[in-house]
Amino acid sequence: MLDYDTANCAIGAAVGILGERSTFLVLREAFNGVRRFGDMQRRTGMPRQVLSRRLARLVTEGLLRKVRYQQAGQRSRDEYRLTDKGLDLYPVLVALMEWGDRYQGGTDGPPVLLRHRDCGEPVRLQMSCAAGHVLESAREVSPVPGPGARKIA
């Protein structure tokens with residue numbers, strides 16, 4: 001695998017979009033059902049300009065979409081809703097949360113628990129292969145060149 005070019009690395013491309021702390025805070029709020037600018041600002045503590053830029057970037061990248069709304073007697077505003085592309089990031093945020101709970105959490109336990117809406121049981125991520133084998137560690141995975149891999153010249 002070492003003789004392949006990393007210029008088209010999917011991890012690098014994703015980090016180029018998601019790599020700032022503020023992005024993950026906005027996505028966390030969107031996954032928690034927070035849609036309005038003022039609510040996001042209050043919950044994240046971000047300055048208006050930072051939040052505005054982050055929301056605009058997430059809309060441009062297709063992770064969020066704007067939806068107009070208007071409360072009686074007020075001007076129309078935008079809500080920010082996750083797109084399918086944004087929803088596909090949920091496992092990434094859950095993985096970060098699980099890692100943070102395990103290695104950065106306090107002695108009181110995790111601040112948030114995820115439960116399956118239908119049965120109430122805890123939700124956790126697990127890796128599996130296409131044959132259904134559950135993988136317990138990254139040591140069970142072998143990277144191999146994919147169809148988009150390019151040999152180093």
# chains A, B, ... in the order shown; residues from 1 in each chain; ligands from 1
>>> residues_around(residues="stretch 112-126 of chain A", least_positions_apart="3", cutoff="9 Å", atoms="only C-alpha atoms", output="VMD selection string")
chain A and resid 91 94 to 95 97 to 98 109 134 to 136
>>> select_by_dssp(residues="chain A", states="strand (DSSP E)", output="PyMOL selection string")
chain A and resi 64-69+77-82+127-128+134-135
>>> residues_around(residues="A:Leu18", least_positions_apart="4", cutoff="12 Å", atoms="only C-alpha atoms", output="PDB file with N, CA and C atoms, in the first residue's frame")
ATOM      1  N   ILE A  11      -9.673  10.408   3.509  1.00  0.00           N
ATOM      2  CA  ILE A  11      -9.585  10.953   4.865  1.00  0.00           C
ATOM      3  C   ILE A  11      -9.158  12.416   4.802  1.00  0.00           C
ATOM      4  N   GLY A  12      -8.162  12.707   3.987  1.00  0.00           N
ATOM      5  CA  GLY A  12      -7.705  14.089   3.834  1.00  0.00           C
ATOM      6  C   GLY A  12      -8.803  14.994   3.301  1.00  0.00           C
ATOM      7  N   ALA A  13      -9.565  14.501   2.335  1.00  0.00           N
ATOM      8  CA  ALA A  13     -10.663  15.292   1.771  1.00  0.00           C
ATOM      9  C   ALA A  13     -11.735  15.562   2.824  1.00  0.00           C
ATOM     10  N   ALA A  14     -12.074  14.551   3.620  1.00  0.00           N
ATOM     11  CA  ALA A  14     -13.088  14.717   4.664  1.00  0.00           C
ATOM     12  C   ALA A  14     -12.618  15.702   5.725  1.00  0.00           C
ATOM     13  N   SER A  22     -15.475  23.653  15.440  1.00  0.00           N
ATOM     14  CA  SER A  22     -16.781  24.301  15.302  1.00  0.00           C
ATOM     15  C   SER A  22     -17.705  23.508  14.368  1.00  0.00           C
ATOM     16  N   THR A  23     -17.142  22.841  13.373  1.00  0.00           N
ATOM     17  CA  THR A  23     -17.952  22.031  12.464  1.00  0.00           C
ATOM     18  C   THR A  23     -18.624  20.898  13.224  1.00  0.00           C
ATOM     19  N   PHE A  24     -17.870  20.229  14.059  1.00  0.00           N
ATOM     20  CA  PHE A  24     -18.423  19.106  14.815  1.00  0.00           C
ATOM     21  C   PHE A  24     -19.465  19.571  15.829  1.00  0.00           C
ATOM     22  N   LEU A  25     -19.274  20.759  16.391  1.00  0.00           N
ATOM     23  CA  LEU A  25     -20.267  21.283  17.337  1.00  0.00           C
ATOM     24  C   LEU A  25     -21.574  21.605  16.619  1.00  0.00           C
ATOM     25  N   VAL A  26     -21.484  22.180  15.429  1.00  0.00           N
ATOM     26  CA  VAL A  26     -22.691  22.476  14.643  1.00  0.00           C
ATOM     27  C   VAL A  26     -23.389  21.174  14.263  1.00  0.00           C
ATOM     28  N   LEU A  27     -22.627  20.188  13.805  1.00  0.00           N
ATOM     29  CA  LEU A  27     -23.225  18.903  13.440  1.00  0.00           C
ATOM     30  C   LEU A  27     -23.844  18.210  14.650  1.00  0.00           C
ATOM     31  N   ARG A  54     -19.484  28.893   9.421  1.00  0.00           N
ATOM     32  CA  ARG A  54     -19.519  27.427   9.495  1.00  0.00           C
ATOM     33  C   ARG A  54     -20.797  26.892   8.860  1.00  0.00           C
ATOM     34  N   LEU A  55     -21.941  27.505   9.158  1.00  0.00           N
ATOM     35  CA  LEU A  55     -23.203  27.080   8.560  1.00  0.00           C
ATOM     36  C   LEU A  55     -23.167  27.241   7.043  1.00  0.00           C
ATOM     37  N   ARG A  57     -20.584  27.172   5.087  1.00  0.00           N
ATOM     38  CA  ARG A  57     -19.701  26.134   4.524  1.00  0.00           C
ATOM     39  C   ARG A  57     -20.408  24.782   4.481  1.00  0.00           C
ATOM     40  N   LEU A  58     -21.126  24.445   5.547  1.00  0.00           N
ATOM     41  CA  LEU A  58     -21.823  23.163   5.594  1.00  0.00           C
ATOM     42  C   LEU A  58     -22.960  23.113   4.565  1.00  0.00           C
ATOM     43  N   GLU A  61     -21.187  22.689   1.143  1.00  0.00           N
ATOM     44  CA  GLU A  61     -20.681  21.321   0.996  1.00  0.00           C
ATOM     45  C   GLU A  61     -21.809  20.289   0.901  1.00  0.00           C
ATOM     46  N   LEU A  63     -23.976  19.372   3.338  1.00  0.00           N
ATOM     47  CA  LEU A  63     -24.250  18.628   4.571  1.00  0.00           C
ATOM     48  C   LEU A  63     -25.507  19.143   5.269  1.00  0.00           C
ATOM     49  N   GLY A  86     -25.231  14.812   5.073  1.00  0.00           N
ATOM     50  CA  GLY A  86     -24.956  15.149   6.469  1.00  0.00           C
ATOM     51  C   GLY A  86     -25.329  14.015   7.407  1.00  0.00           C
ATOM     52  N   LEU A  89     -22.916  11.266   8.229  1.00  0.00           N
ATOM     53  CA  LEU A  89     -21.823  11.527   9.173  1.00  0.00           C
ATOM     54  C   LEU A  89     -22.153  11.081  10.601  1.00  0.00           C
ATOM     55  N   VAL A  92     -19.769   8.772  12.310  1.00  0.00           N
ATOM     56  CA  VAL A  92     -18.500   9.432  12.619  1.00  0.00           C
ATOM     57  C   VAL A  92     -18.608  10.160  13.965  1.00  0.00           C
ATOM     58  N   LEU A  93     -19.705  10.893  14.166  1.00  0.00           N
ATOM     59  CA  LEU A  93     -19.891  11.600  15.430  1.00  0.00           C
ATOM     60  C   LEU A  93     -20.074  10.632  16.596  1.00  0.00           C
TER      61      LEU A  93
END
>>> closest_residue(among="A:Gly16, A:Gln70, A:Tyr4, A:Asp78", to="A:Phe37", atoms="only C-alpha atoms")
A:Asp78
>>> closest_residue(among="A:Val59, A:Val34, A:Ala149, A:Ala72", to="A:Ala7", atoms="only C-alpha atoms")
A:Ala149
>>> atom_distance(atom1="atom CA of A:Tyr80", atom2="atom CA of A:Ala30")
7.6 Å
